[in-house]
Amino acid sequence: MDFTQVIQAFPSLGNGLLLTLELTVLAVIGGVIIGTALALARLSSIRVLSWLAGFYVNYFRSIPLLLVITWFYFIVPFMVGWVTGTNQPIGAFTSCLIAFMMFEAAYFCEIVRAGIQSISKGQVNAAYALGMTYPQAMRLVVLPLAFRKMTPLLLQQSIILFQDTSLVYAVGMMDFLNVARSQGDITGELHTFLLFAGLVYFVISFGASTLVKRLQKRLTV
Amino acid sequence: MNYNWDWSVFFKSTGIGSEIYLDWFIAGLGWTIALSLSAWVIALLLGTVLGVMRTLPGRFAARAATVYVELFRNVPLLVQLFIWYFIVPDWLPEKIELWFKQDLHPATSAFISVTVCLGLFTAARVCEQVRTGIQALPRGQSMAAYALGLRLPQVYRKVLLPQAFRIIIPPLTSEFLNVFKNSSVASLIGLMELLAQTKQTAEFTANLFEAFTLATVIYFVLNMGLMLVMRTVEKRVRVPGLIALGGK
């Protein structure tokens, strides 16, 4: 094991880690937004809407993330071409980001839905009694309460997403894992680089989930 | 929309022997199922042992199991796979290492790596489910078992585990489905399972929409099918009177 090689590779490893984190943060934001919309659709009294959202969730939860990433890598440029009518190339980053957002939205949806359902009916009734409309009741009363309850779960799911971003290796993106692997190949120190990558992922995930557990204790009402 | 749909592509010859593309999908599905089942055996056995360890009165066993769970849950699956595939074989005794790297068919050695990796990865998750199942039982169960004169191994084997497993059928089902889906990472170390065959078909025929649609349908149907089957099983074996969670 020769750690000097790892230290020398810090700049490129850093770039890889940055890409991983960027992908994670953007995918979480997009995923939570789409997921919340899906959750509202699932709980909607309009049959078609709730059925469609339910199908979306079941669909994405029964296929592998890796399949979604690979498929989107091929399909997104086509789609964009059809929509815009041009043949603009779409980067791997964009297609991966869209894949993660849409895939994780299915999981975030279930968390948000459970969160909304855990809010007592009295809150909603009180909001209506105050003369609020449905959007107002959701935006001002239910969602803030629900999000407070779900924050730990959403964060746990985000940690899983952070680990899952390593799958972008499949489409050749230079995320943290792929940089570590290729540096390992170049320097002939694959063992050291892979173990180092594992250690970094472990420290970040474990540290983050420890913090989330602490937050969970503080947030419980 | 300049794309030529052609669903007959699956029945066209691949140009290799008398194979048609559908044969590739069937072979791929075979690998996927073989991988999922063998990894599941490891996950279920090891996960049960670990789950029991976490509920034992002794501090040491519980702590060791906790370390295992944290370690395997906080490192991405793909990193674990690379470690099992690229690193661990080098640590084996020389004879086994040579046998693993040279005598075995590349598909076999990849299969072993993925099976071990997925099995140990999932064991950490199964462990948590088993522990939850055991802890969900009323304490009176184990007390009554001890009062009847059963010893610790008997308490677990005859009283706690049979009931715990009946409670945790739904989460275990989704863990199994996760193994099934996660087995697609095998495509990244060159094992020709379902996803790898899909990609290969897409590249050979340029009919990528059809290829990926078929793969999606296969995953989706098997997933939903197994889930429905397990829902019926779960209802059949539900512990009467125990489950207030959604049961009647």
# chains A, B, ... in the order shown; residues from 1 in each chain; ligands from 1

call {"tool": "interface_residues", "arguments": {"of": "chain A", "to": "chain B", "cutoff": "6 Å", "atoms": "only C-alpha atoms", "output": "number ranges by chain"}}
result
A: 62-64, 163, 191, 198, 201-202, 205-206

call {"tool": "select_by_dssp", "arguments": {"residues": "stretch 106-225 of chain B", "states": "alpha helix (DSSP H)", "output": "ChimeraX atom specification"}}
result
/B:106-136,139-147,152-154,161-167,169-182,194-205,208-225

call {"tool": "residues_around", "arguments": {"residues": "A:Leu143", "least_positions_apart": "4", "cutoff": "9 Å", "atoms": "only C-alpha atoms", "output": "compact mmCIF listing (two decimals) with N, CA and C atoms, in the first residue's frame"}}
result
# COMPACT_ATOMS: atom_id res chain seq x y z
N VAL A 112 -43.00 11.37 1.76
CA VAL A 112 -43.84 12.56 1.92
C VAL A 112 -45.30 12.16 2.17
N GLY A 115 -45.73 11.14 5.58
CA GLY A 115 -45.64 12.33 6.42
C GLY A 115 -46.95 13.09 6.45
N ILE A 116 -47.54 13.28 5.27
CA ILE A 116 -48.81 14.02 5.19
C ILE A 116 -49.90 13.25 5.92
N ALA A 137 -54.09 25.55 2.59
CA ALA A 137 -54.03 24.62 3.72
C ALA A 137 -52.80 23.73 3.60
N MET A 138 -52.54 23.25 2.37
CA MET A 138 -51.37 22.40 2.16
C MET A 138 -50.09 23.16 2.42
N ARG A 139 -49.99 24.35 1.79
CA ARG A 139 -48.73 25.09 1.81
C ARG A 139 -48.44 25.67 3.18
N PHE A 147 -43.22 18.14 6.80
CA PHE A 147 -41.79 18.15 6.52
C PHE A 147 -40.96 18.11 7.79
N ARG A 148 -41.48 18.72 8.84
CA ARG A 148 -40.74 18.66 10.08
C ARG A 148 -40.63 17.21 10.56

call {"tool": "closest_residue", "arguments": {"among": "A:Cys109, A:Leu21, A:Ile98, A:Glu189", "to": "A:Ile159", "atoms": "only C-alpha atoms"}}
result
A:Leu21

call {"tool": "decode", "arguments": {"residues": "stretch 190-205 of chain B", "atoms": "N, CA and C atoms", "output": "CSV table (one decimal), in the first residue's frame"}}
result
chain,number,residue,atom,x,y,z
B,190,GLY,N,-18.9,-7.3,-16.1
B,190,GLY,CA,-18.9,-8.2,-17.3
B,190,GLY,C,-19.7,-9.4,-17.2
B,191,LEU,N,-20.5,-9.6,-16.2
B,191,LEU,CA,-21.4,-10.8,-16.2
B,191,LEU,C,-22.6,-10.5,-17.0
B,192,MET,N,-22.9,-11.4,-17.9
B,192,MET,CA,-24.0,-11.1,-18.9
B,192,MET,C,-25.4,-11.4,-18.3
B,193,GLU,N,-25.8,-10.7,-17.3
B,193,GLU,CA,-27.1,-10.9,-16.8
B,193,GLU,C,-28.1,-10.0,-17.6
B,194,LEU,N,-29.3,-9.9,-17.1
B,194,LEU,CA,-30.4,-9.2,-17.9
B,194,LEU,C,-30.0,-7.8,-18.4
B,195,LEU,N,-29.5,-7.0,-17.5
B,195,LEU,CA,-29.2,-5.6,-18.0
B,195,LEU,C,-28.0,-5.6,-19.0
B,196,ALA,N,-27.0,-6.4,-18.8
B,196,ALA,CA,-25.9,-6.5,-19.7
B,196,ALA,C,-26.4,-7.0,-21.1
B,197,GLN,N,-27.3,-8.0,-21.1
B,197,GLN,CA,-27.8,-8.5,-22.4
B,197,GLN,C,-28.6,-7.4,-23.1
B,198,THR,N,-29.3,-6.7,-22.3
B,198,THR,CA,-30.2,-5.6,-22.8
B,198,THR,C,-29.3,-4.6,-23.6
B,199,LYS,N,-28.2,-4.2,-22.9
B,199,LYS,CA,-27.3,-3.2,-23.5
B,199,LYS,C,-26.7,-3.8,-24.7
B,200,GLN,N,-26.3,-5.0,-24.7
B,200,GLN,CA,-25.7,-5.7,-25.8
B,200,GLN,C,-26.6,-5.7,-27.0
B,201,THR,N,-27.9,-6.1,-26.7
B,201,THR,CA,-28.9,-6.1,-27.8
B,201,THR,C,-29.1,-4.7,-28.4
B,202,ALA,N,-29.1,-3.7,-27.5
B,202,ALA,CA,-29.3,-2.3,-28.0
B,202,ALA,C,-28.2,-1.9,-28.9
B,203,GLU,N,-26.9,-2.3,-28.5
B,203,GLU,CA,-25.8,-2.0,-29.3
B,203,GLU,C,-25.7,-2.7,-30.6
B,204,PHE,N,-26.1,-4.0,-30.6
B,204,PHE,CA,-26.1,-4.8,-31.8
B,204,PHE,C,-27.1,-4.4,-32.8
B,205,THR,N,-28.3,-4.1,-32.3
B,205,THR,CA,-29.4,-3.9,-33.2
B,205,THR,C,-29.8,-2.4,-33.5
